[in-house]
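Okay, entry_10.cif is below, mmCIF, C-alpha atoms:
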data_model
#
loop_
_atom_site.label_atom_id
_atom_site.label_comp_id
_atom_site.auth_asym_id
_atom_site.auth_seq_id
_atom_site.Cartn_x
_atom_site.Cartn_y
_atom_site.Cartn_z
CA MET I 251 -125.53 9.89 19.82
CA LYS I 252 -124.40 12.93 21.69
CA LYS I 253 -124.28 12.91 25.45
CA THR I 254 -125.20 15.96 27.53
CA PHE I 255 -124.35 17.25 30.96
CA GLN I 256 -125.12 20.47 32.76
CA ILE I 257 -123.01 23.10 34.46
CA LYS I 258 -124.40 25.58 36.97
CA THR I 259 -122.27 28.72 37.06
CA ASP I 260 -122.24 31.12 40.02
CA LYS I 261 -120.59 34.21 38.55
CA ARG I 262 -120.69 36.30 35.39
CA ILE I 263 -117.25 35.07 34.35
CA GLN I 264 -116.19 31.65 35.57
CA THR I 265 -113.92 28.88 34.36
CA THR I 266 -114.97 25.33 35.35
CA ASP I 267 -112.75 22.28 34.90
CA ILE I 268 -114.98 19.70 33.15
CA THR I 269 -112.29 17.12 32.35
CA ALA I 270 -113.66 14.49 34.74
CA MET I 271 -117.23 14.99 33.50
CA VAL I 272 -116.13 14.38 29.90
CA GLN I 273 -113.93 11.41 30.84
CA ASP I 274 -116.86 9.79 32.67
CA LEU I 275 -118.78 9.58 29.37
CA ILE I 276 -116.14 7.43 27.64
CA ASP I 277 -116.37 3.63 27.73
CA PRO I 278 -113.28 1.59 28.69
CA GLY I 279 -111.19 0.73 25.66
CA TYR I 280 -112.76 3.32 23.36
CA GLU I 281 -110.56 4.47 20.45
CA GLY I 282 -111.29 7.62 18.46
CA ILE I 283 -111.95 11.29 19.12
CA CYS I 284 -114.45 13.31 21.08
CA VAL I 285 -115.99 16.68 20.31
CA VAL I 286 -116.86 18.74 23.41
CA TYR I 287 -119.35 21.43 22.40
CA THR I 288 -121.24 24.27 24.06
CA PRO I 289 -124.53 25.30 22.40
CA HIS I 290 -124.55 28.79 23.97
CA THR I 291 -123.29 32.02 22.36
CA THR I 292 -121.77 33.56 25.48
CA THR I 293 -119.74 30.55 26.63
CA ALA I 294 -116.80 28.60 25.20
CA ILE I 295 -114.85 25.37 25.54
CA GLY I 296 -111.10 25.82 26.04
CA ILE I 297 -108.13 23.73 27.02
CA ASN I 298 -105.41 25.02 29.32
CA GLU I 299 -103.66 24.56 32.64
CA GLY I 300 -105.78 23.14 35.45
CA ALA I 301 -103.13 22.84 38.16
CA ASP I 302 -102.76 26.49 39.22
CA PRO I 303 -106.13 28.32 39.35
CA ASP I 304 -104.25 31.61 38.86
CA VAL I 305 -103.85 30.68 35.17
CA ALA I 306 -107.61 30.69 34.60
CA SER I 307 -108.09 33.84 36.67
CA ASP I 308 -105.30 35.61 34.74
CA ILE I 309 -107.05 34.65 31.49
CA GLU I 310 -110.44 35.82 32.80
CA ARG I 311 -109.08 39.16 34.03
CA THR I 312 -106.97 39.93 30.95
CA LEU I 313 -109.87 39.20 28.60
CA ALA I 314 -112.13 41.37 30.77
CA ASN I 315 -109.69 44.26 30.36
CA LEU I 316 -109.41 43.68 26.61
CA PHE I 317 -113.19 43.45 26.10
CA PRO I 318 -114.79 45.57 28.85
CA LYS I 319 -118.47 44.93 29.59
CA ASP I 320 -119.29 48.59 29.02
CA GLY I 321 -117.40 49.03 25.76
CA ASP I 322 -118.76 50.75 22.65
CA TYR I 323 -121.32 48.12 21.64
CA ARG I 324 -124.75 48.29 19.97
CA HIS I 325 -126.20 44.89 20.94
CA PHE I 326 -129.08 45.69 23.30
CA GLU I 327 -128.46 42.90 25.79
CA GLY I 328 -125.25 44.45 27.15
CA ASN I 329 -123.21 41.29 26.73
CA SER I 330 -121.25 41.89 23.53
CA ASP I 331 -118.05 41.40 25.52
CA SER I 332 -119.28 37.85 26.25
CA HIS I 333 -120.03 37.13 22.58
CA LEU I 334 -116.53 38.35 21.63
CA LYS I 335 -114.79 36.11 24.16
CA SER I 336 -117.02 33.21 23.07
CA ILE I 337 -116.19 33.42 19.36
CA LEU I 338 -112.45 33.89 19.99
CA THR I 339 -112.11 31.01 22.47
CA GLY I 340 -114.45 28.91 20.34
CA PRO I 341 -117.47 26.69 21.06
CA SER I 342 -115.71 23.33 20.95
CA GLU I 343 -112.57 21.28 21.37
CA THR I 344 -111.71 18.01 19.65
CA ILE I 345 -109.68 15.59 21.75
CA ILE I 346 -108.06 12.27 20.88
CA ILE I 347 -109.14 9.19 22.88
CA GLU I 348 -106.86 6.17 23.36
CA ASN I 349 -107.87 3.05 25.22
CA GLY I 350 -110.83 4.83 26.78
CA LYS I 351 -108.83 7.82 28.04
CA LEU I 352 -108.77 11.44 26.86
CA VAL I 353 -105.27 12.11 25.55
CA LEU I 354 -104.51 15.38 27.33
CA GLY I 355 -101.12 16.76 28.23
CA GLN I 356 -99.92 16.53 31.83
CA TRP I 357 -101.09 20.07 32.65
CA GLN I 358 -104.10 20.27 30.36
CA SER I 359 -107.67 20.49 31.61
CA ILE I 360 -110.85 21.04 29.61
CA TYR I 361 -112.39 24.37 30.60
CA PHE I 362 -116.03 25.33 30.41
CA CYS I 363 -115.80 29.10 30.04
CA GLU I 364 -118.81 31.05 31.29
CA PHE I 365 -118.75 34.63 30.03
CA ASP I 366 -122.30 35.75 30.93
CA GLY I 367 -123.46 33.88 34.00
CA PRO I 368 -124.67 32.88 36.41
CA ARG I 369 -126.78 30.40 34.45
CA THR I 370 -127.42 26.70 33.96
CA ARG I 371 -125.58 25.60 30.82
CA ASN I 372 -125.41 22.48 28.65
CA VAL I 373 -122.33 20.72 27.34
CA TYR I 374 -122.61 18.21 24.48
CA VAL I 375 -120.07 15.44 23.95
CA ARG I 376 -119.97 13.36 20.76
CA LEU I 377 -117.61 10.39 20.52
CA LEU I 378 -116.52 9.19 17.07
CA ALA I 379 -114.65 5.98 16.35
CA ASP I 380 -112.92 4.69 13.25
CA MET U 125 -115.71 13.43 -0.01
CA LYS U 126 -115.79 17.06 0.88
CA LYS U 127 -118.51 19.30 -0.47
CA THR U 128 -117.85 22.88 -1.51
CA PHE U 129 -119.89 26.03 -1.79
CA GLN U 130 -119.00 29.61 -2.56
CA ILE U 131 -119.58 32.91 -0.80
CA LYS U 132 -119.33 36.27 -2.53
CA THR U 133 -118.49 39.01 -0.07
CA ASP U 134 -119.23 42.71 -0.72
CA LYS U 135 -117.12 44.43 1.91
CA ARG U 136 -113.66 44.20 3.42
CA ILE U 137 -115.04 42.87 6.72
CA GLN U 138 -118.31 40.96 6.55
CA THR U 139 -119.98 38.22 8.55
CA THR U 140 -122.28 35.90 6.56
CA ASP U 141 -124.62 33.37 8.17
CA ILE U 142 -123.95 30.09 6.32
CA THR U 143 -125.97 27.78 8.58
CA ALA U 144 -128.59 26.99 5.93
CA MET U 145 -125.93 26.35 3.26
CA VAL U 146 -124.20 23.81 5.52
CA GLN U 147 -127.48 22.18 6.59
CA ASP U 148 -128.49 21.73 2.93
CA LEU U 149 -125.48 19.44 2.40
CA ILE U 150 -126.57 16.91 5.04
CA ASP U 151 -128.72 13.92 4.08
CA PRO U 152 -131.84 13.12 6.12
CA GLY U 153 -131.10 10.80 9.01
CA TYR U 154 -127.32 11.36 8.94
CA GLU U 155 -125.53 10.72 12.27
CA GLY U 156 -122.01 11.99 12.97
CA ILE U 157 -120.10 15.26 12.81
CA CYS U 158 -119.27 17.83 10.18
CA VAL U 159 -116.17 19.93 9.72
CA VAL U 160 -116.82 23.34 8.15
CA TYR U 161 -113.53 24.68 6.80
CA THR U 162 -112.30 27.78 4.98
CA PRO U 163 -109.15 27.34 2.83
CA HIS U 164 -108.26 31.06 2.88
CA THR U 165 -105.80 32.77 5.24
CA THR U 166 -107.77 36.00 5.73
CA THR U 167 -111.16 34.45 6.55
CA ALA U 168 -112.48 32.30 9.38
CA ILE U 169 -115.37 30.09 10.42
CA GLY U 170 -117.03 31.05 13.69
CA ILE U 171 -120.16 30.22 15.63
CA ASN U 172 -122.18 32.86 17.45
CA GLU U 173 -125.52 34.63 17.68
CA GLY U 174 -127.42 34.99 14.43
CA ALA U 175 -130.63 36.58 15.75
CA ASP U 176 -129.44 40.16 16.35
CA PRO U 177 -127.08 41.41 13.60
CA ASP U 178 -125.64 43.90 16.11
CA VAL U 179 -123.73 41.00 17.70
CA ALA U 180 -121.74 40.34 14.51
CA SER U 181 -121.20 44.06 13.89
CA ASP U 182 -120.00 44.56 17.49
CA ILE U 183 -117.52 41.71 16.96
CA GLU U 184 -116.36 43.14 13.61
CA ARG U 185 -115.89 46.65 15.02
CA THR U 186 -114.16 45.60 18.23
CA LEU U 187 -111.70 43.37 16.37
CA ALA U 188 -111.07 46.22 13.90
CA ASN U 189 -110.14 48.48 16.83
CA LEU U 190 -107.93 45.80 18.38
CA PHE U 191 -106.12 45.01 15.10
CA PRO U 192 -106.20 48.19 13.01
CA LYS U 193 -105.55 47.80 9.28
CA ASP U 194 -102.71 50.32 9.45
CA GLY U 195 -100.93 48.88 12.47
CA ASP U 196 -97.21 48.28 12.77
CA TYR U 197 -96.92 45.37 10.33
CA ARG U 198 -94.20 44.21 7.92
CA HIS U 199 -96.22 41.96 5.58
CA PHE U 200 -96.23 43.76 2.24
CA GLU U 201 -99.84 43.07 1.31
CA GLY U 202 -101.26 45.40 3.98
CA ASN U 203 -103.63 42.79 5.40
CA SER U 204 -101.83 41.54 8.50
CA ASP U 205 -104.86 42.60 10.54
CA SER U 206 -106.89 40.09 8.49
CA HIS U 207 -104.40 37.27 9.08
CA LEU U 208 -104.49 37.98 12.83
CA LYS U 209 -108.28 37.83 13.02
CA SER U 210 -108.24 34.69 10.87
CA ILE U 211 -105.84 32.71 13.07
CA LEU U 212 -107.57 33.78 16.31
CA THR U 213 -111.11 32.99 15.13
CA GLY U 214 -109.85 29.85 13.42
CA PRO U 215 -110.36 28.25 10.00
CA SER U 216 -112.94 25.64 10.99
CA GLU U 217 -115.71 24.53 13.29
CA THR U 218 -116.72 20.95 14.10
CA ILE U 219 -120.44 20.46 14.68
CA ILE U 220 -122.41 17.41 15.86
CA ILE U 221 -125.12 16.07 13.52
CA GLU U 222 -128.14 14.14 14.84
CA ASN U 223 -130.84 12.67 12.63
CA GLY U 224 -129.68 14.76 9.69
CA LYS U 225 -129.69 18.07 11.58
CA LEU U 226 -126.80 20.26 12.77
CA VAL U 227 -126.95 20.31 16.57
CA LEU U 228 -126.65 24.06 17.19
CA GLY U 229 -127.92 25.99 20.19
CA GLN U 230 -131.08 28.05 19.85
CA TRP U 231 -129.17 31.27 19.16
CA GLN U 232 -126.16 29.80 17.34
CA SER U 233 -125.43 30.42 13.67
CA ILE U 234 -122.39 29.39 11.67
CA TYR U 235 -120.54 32.51 10.52
CA PHE U 236 -118.34 32.85 7.47
CA CYS U 237 -116.02 35.67 8.54
CA GLU U 238 -114.53 37.72 5.69
CA PHE U 239 -111.62 39.83 6.92
CA ASP U 240 -110.13 40.96 3.57
CA GLY U 241 -112.89 41.20 0.99
CA PRO U 242 -114.65 41.74 -1.21
CA ARG U 243 -113.82 38.42 -2.84
CA THR U 244 -115.32 35.12 -3.92
CA ARG U 245 -114.50 32.51 -1.27
CA ASN U 246 -114.82 28.74 -0.89
CA VAL U 247 -116.17 26.82 2.08
CA TYR U 248 -115.47 23.08 2.42
CA VAL U 249 -117.74 20.76 4.40
CA ARG U 250 -116.72 17.21 5.32
CA LEU U 251 -119.24 14.90 6.99
CA LEU U 252 -117.95 11.99 9.04
CA ALA U 253 -120.04 9.13 10.44
CA ASP U 254 -119.32 6.40 12.93
CA MET L 48 -103.81 5.22 17.10
CA LYS L 49 -102.33 8.65 17.39
CA LYS L 50 -98.96 9.41 15.86
CA THR L 51 -96.44 11.70 17.53
CA PHE L 52 -93.59 13.87 16.39
CA GLN L 53 -91.37 16.34 18.17
CA ILE L 54 -90.49 19.97 17.60
CA LYS L 55 -87.44 21.63 19.11
CA THR L 56 -87.96 25.36 19.46
CA ASP L 57 -85.09 27.86 19.75
CA LYS L 58 -86.82 30.99 20.98
CA ARG L 59 -89.49 32.01 23.50
CA ILE L 60 -91.97 32.80 20.73
CA GLN L 61 -91.60 30.89 17.48
CA THR L 62 -93.88 29.76 14.68
CA THR L 63 -92.85 26.53 12.92
CA ASP L 64 -94.44 25.27 9.71
CA ILE L 65 -95.29 21.61 10.40
CA THR L 66 -97.38 20.95 7.28
CA ALA L 67 -94.87 18.51 5.76
CA MET L 68 -94.46 16.64 9.06
CA VAL L 69 -98.22 16.10 9.29
CA GLN L 70 -98.54 15.17 5.60
CA ASP L 71 -95.81 12.55 6.01
CA LEU L 72 -98.00 10.64 8.50
CA ILE L 73 -100.84 10.11 6.01
CA ASP L 74 -100.98 6.97 3.87
CA PRO L 75 -101.57 7.29 0.11
CA GLY L 76 -105.26 7.24 -0.75
CA TYR L 77 -106.47 7.96 2.80
CA GLU L 78 -109.91 9.59 3.04
CA GLY L 79 -111.15 11.31 6.19
CA ILE L 80 -109.98 13.98 8.59
CA CYS L 81 -106.99 14.53 10.83
CA VAL L 82 -106.76 16.20 14.22
CA VAL L 83 -103.42 17.92 14.88
CA TYR L 84 -103.08 18.46 18.63
CA THR L 85 -100.54 19.95 21.01
CA PRO L 86 -100.57 18.58 24.59
CA HIS L 87 -98.86 21.65 26.10
CA THR L 88 -100.58 24.63 27.74
CA THR L 89 -98.25 27.32 26.38
CA THR L 90 -98.30 26.30 22.72
CA ALA L 91 -100.98 26.17 20.03
CA ILE L 92 -101.77 24.77 16.60
CA GLY L 93 -102.84 27.38 14.03
CA ILE L 94 -103.38 27.60 10.30
CA ASN L 95 -102.31 30.62 8.28
CA GLU L 96 -100.08 31.88 5.50
CA GLY L 97 -96.78 30.07 5.09
CA ALA L 98 -95.46 31.86 1.99
CA ASP L 99 -94.34 35.17 3.52
CA PRO L 100 -92.66 34.73 6.94
CA ASP L 101 -93.63 38.33 7.74
CA VAL L 102 -97.20 37.14 8.32
CA ALA L 103 -96.15 34.88 11.20
CA SER L 104 -93.81 37.52 12.63
CA ASP L 105 -96.57 40.16 12.45
CA ILE L 106 -98.86 37.78 14.35
CA GLU L 107 -96.16 37.02 16.96
CA ARG L 108 -95.33 40.70 17.50
CA THR L 109 -98.94 41.92 17.64
CA LEU L 110 -99.92 39.24 20.16
CA ALA L 111 -96.81 40.09 22.22
CA ASN L 112 -97.97 43.72 22.38
CA LEU L 113 -101.53 42.69 23.26
CA PHE L 114 -100.42 40.26 26.00
CA PRO L 115 -97.08 41.54 27.34
CA LYS L 116 -94.94 39.06 29.27
CA ASP L 117 -94.81 41.42 32.25
CA GLY L 118 -98.50 42.22 32.41
CA ASP L 119 -100.60 42.24 35.57
CA TYR L 120 -100.68 38.49 36.21
CA ARG L 121 -100.77 36.35 39.37
CA HIS L 122 -99.57 32.99 38.01
CA PHE L 123 -96.18 32.42 39.61
CA GLU L 124 -94.39 31.01 36.57
CA GLY L 125 -94.37 34.34 34.72
CA ASN L 126 -95.88 32.91 31.54
CA SER L 127 -99.53 33.91 31.74
CA ASP L 128 -99.09 35.72 28.42
CA SER L 129 -98.23 32.33 26.91
CA HIS L 130 -101.29 30.64 28.40
CA LEU L 131 -103.50 33.43 27.02
CA LYS L 132 -102.14 33.10 23.50
CA SER L 133 -102.44 29.32 23.75
CA ILE L 134 -106.12 29.25 24.70
CA LEU L 135 -107.08 31.89 22.11
CA THR L 136 -105.22 30.26 19.21
CA GLY L 137 -106.33 26.84 20.41
CA PRO L 138 -104.62 23.48 20.95
CA SER L 139 -105.74 21.78 17.74
CA GLU L 140 -106.84 22.03 14.14
CA THR L 141 -109.03 19.58 12.25
CA ILE L 142 -108.18 19.21 8.56
CA ILE L 143 -109.94 17.33 5.75
CA ILE L 144 -107.92 14.63 3.93
CA GLU L 145 -108.69 13.62 0.33
CA ASN L 146 -106.84 10.90 -1.55
CA GLY L 147 -104.04 10.91 1.02
CA LYS L 148 -103.49 14.69 0.92
CA LEU L 149 -104.28 17.38 3.49
CA VAL L 150 -106.87 19.68 1.91
CA LEU L 151 -105.30 23.06 2.65
CA GLY L 152 -105.78 26.28 0.73
CA GLN L 153 -103.05 27.46 -1.61
CA TRP L 154 -101.52 29.77 1.01
CA GLN L 155 -102.33 27.77 4.13
CA SER L 156 -99.69 26.13 6.31
CA ILE L 157 -100.12 24.37 9.63
CA TYR L 158 -98.30 26.33 12.34
CA PHE L 159 -96.87 24.97 15.55
CA CYS L 160 -96.98 28.06 17.79
CA GLU L 161 -94.42 28.12 20.60
CA PHE L 162 -95.28 30.78 23.17
CA ASP L 163 -92.91 29.80 26.01
CA GLY L 164 -89.78 28.23 24.54
CA PRO L 165 -87.20 27.20 23.89
CA ARG L 166 -88.29 23.63 24.63
CA THR L 167 -88.80 20.23 23.07
CA ARG L 168 -92.50 19.80 22.31
CA ASN L 169 -94.79 17.01 21.14
CA VAL L 170 -97.41 17.12 18.43
CA TYR L 171 -100.09 14.42 18.22
CA VAL L 172 -101.86 13.54 14.98
CA ARG L 173 -104.98 11.36 14.89
CA LEU L 174 -106.42 10.29 11.53
CA LEU L 175 -110.08 9.31 11.35
CA ALA L 176 -111.82 7.67 8.38
CA ASP L 177 -115.45 7.04 7.57
#
Would you write the structure of this file as structure tokens?
Amino acid sequence: MKKTFQIKTDKRIQTTDITAMVQDLIDPGYEGICVVYTPHTTTAIGINEGADPDVASDIERTLANLFPKDGDYRHFEGNSDSHLKSILTGPSETIIIENGKLVLGQWQSIYFCEFDGPRTRNVYVRLLAD
Amino acid sequence: MKKTFQIKTDKRIQTTDITAMVQDLIDPGYEGICVVYTPHTTTAIGINEGADPDVASDIERTLANLFPKDGDYRHFEGNSDSHLKSILTGPSETIIIENGKLVLGQWQSIYFCEFDGPRTRNVYVRLLAD
Amino acid sequence: MKKTFQIKTDKRIQTTDITAMVQDLIDPGYEGICVVYTPHTTTAIGINEGADPDVASDIERTLANLFPKDGDYRHFEGNSDSHLKSILTGPSETIIIENGKLVLGQWQSIYFCEFDGPRTRNVYVRLLAD
């Protein structure tokens, strides 16, 4: 069964480190993979550096310049920039689990990427074993 | 075993909602995940809003501006823009299945993204249970 | 258990075809999926054309123009362009396996994408069966 947790975002564009929240859902000794999935169309799940917050803010700012909110879009809700960032970053990540631990690199964190907040958002996690 | 279905695209760049075609391959009561995969190098599988078709057309048009067909490319086939969009959107999506149903958000559809049509294309679907 | 192999890159930006290295880790007759994962925050795993090396070099050059090394970034290490390309291309690919063979399209290769080399890098591969 999938497990669910919620994220409350405070800003329109906001990267939240959810590594600990995902890790907490994994039983000791578990072997397999996990799929971390966002069911929203203006958010994404990414993996990148968690140590220096400037990395996430550089990503947020550069993508905002590339896909400006007030670009030449037709979608009536005014958030086509958010949909673009969502589809390119992607709605999920698949991560290996060994002995109950997410196998991430030393500098890797799992990001919840909010591109059209502030809102309350869901994250789904599905573990799969051999 | 993987299951396969085909998509016939009519235009060079075309987003097709394949959610129902994927759902039809899943037996009632199935629990696990599915991998939706395109074996072509100028297409992609994405997930985003299916309700308003302007979302997909905004994505198509913005990516076409970002990666113009006649950019500064060396690849002799004249479709480097398609390869770029393919690798950035990605060749697959992994989706949770609960009780025989794809667990998608309310506004999420699975997109087959054609970036160098019109052609007849294959989509592979692999279900995996615990 | 995950399997690991190493890649030594020679340049700052370099695409390496790792298809054969991944295939070598799969036992004859295996049925399932495999997750190919990079634990670094300035690399990515992609899938695209392996036949004409101009495709990979067009991708490298276009992304370098889109995210210049000396852009307006705050991260002190001077590699925010690498982090951007890493999160957009993504840290993993999930590939179907049938009868011990990766199910790739005729023109598809698995790319290890180095965006901040030269370095020695790890690739993790996790097979998962029904």
Work out how far apart atom CA of U:Leu149 and atom CA of L:Asn95 are and give it in Å to one decimal. 26.4 Å
Evaluate the PyMOL selection byres ((chain U) within 6 of (chain L)) and report residues as a VMD selection string: chain U and resid 163 to 165 197 to 199 208 212 252 to 253
Grab the residues selected above and save them as a JSON list (two decimals), keeping the file's coordinate frame with C-alpha atoms.
[["chain", "number", "residue", "atom", "x", "y", "z"],
["U", 163, "PRO", "CA", -109.15, 27.34, 2.83],
["U", 164, "HIS", "CA", -108.26, 31.06, 2.88],
["U", 165, "THR", "CA", -105.80, 32.77, 5.24],
["U", 197, "TYR", "CA", -96.92, 45.37, 10.33],
["U", 198, "ARG", "CA", -94.20, 44.21, 7.92],
["U", 199, "HIS", "CA", -96.22, 41.96, 5.58],
["U", 208, "LEU", "CA", -104.49, 37.98, 12.83],
["U", 212, "LEU", "CA", -107.57, 33.78, 16.31],
["U", 252, "LEU", "CA", -117.95, 11.99, 9.04],
["U", 253, "ALA", "CA", -120.04, 9.13, 10.44]]
To one decimal in Å, tell me the separation between atom CA of I:Ile268 and atom CA of I:Lys252.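 About the pair atom CA of I:Ile268 and atom CA of I:Lys252: they are 16.3 Å apart.
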Atom CA of U:Glu238 and atom CA of U:His207 are how many Å apart?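 So the two atoms, atom CA of U:Glu238 and atom CA of U:His207, lie 10.7 Å apart.
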For the point (-121.8, 36.8, 39.0) in the file's frame, write as a PyMOL selection string all residues with an atom no more than 12 Å away, counting all atoms listed in the file. chain I and resi 258-264+364-369
Which residues match the PyMOL selection byres ((chain I and resi 372) around 9) in the file above, as a CSV table (one decimal) with C-alpha atoms, keeping the file's coordinate frame?
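Written output follows (selection-v9.csv):
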chain,number,residue,atom,x,y,z
I,254,THR,CA,-125.2,16.0,27.5
I,255,PHE,CA,-124.4,17.2,31.0
I,256,GLN,CA,-125.1,20.5,32.8
I,257,ILE,CA,-123.0,23.1,34.5
I,258,LYS,CA,-124.4,25.6,37.0
I,287,TYR,CA,-119.4,21.4,22.4
I,288,THR,CA,-121.2,24.3,24.1
I,289,PRO,CA,-124.5,25.3,22.4
I,290,HIS,CA,-124.6,28.8,24.0
I,370,THR,CA,-127.4,26.7,34.0
I,371,ARG,CA,-125.6,25.6,30.8
I,373,VAL,CA,-122.3,20.7,27.3
I,374,TYR,CA,-122.6,18.2,24.5
Let me know the residues the PyMOL selection byres ((chain L and resi 118) around 9) catches in the file above, as a ChimeraX atom specification. /I:312 /L:114-117,119-120,127-128
Is it possible to get the axis-aligned box enclosing stretch 330-342 of chain I (all listed atoms, 3 Å extra per side) as AutoDock Vina command-line options, with centre and edge lengths in Å rounded to one decimal?
--center_x -116.7 --center_y 32.6 --center_z 22.8 --size_x 15.1 --size_y 24.6 --size_z 12.9
List every protein, DNA or RNA residue with an atom no more than 7 Å from (-122.6, 34.6, 8.3) in the file's coordinates, counting all atoms listed in the file, and format the result as a list in words.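 Counting all atoms listed in the file, I find these residues within 7 Å of (-122.6, 34.6, 8.3): Thr139, Thr140, Asp141, Ile142, Ile234, Tyr235, Phe236 and Cys237 of chain U.
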Go through U:Val160, U:Asn189, U:Pro152, U:Ala144 and flag the residue nearest U:Lys127, using only C-alpha atoms for the distances. U:Val160
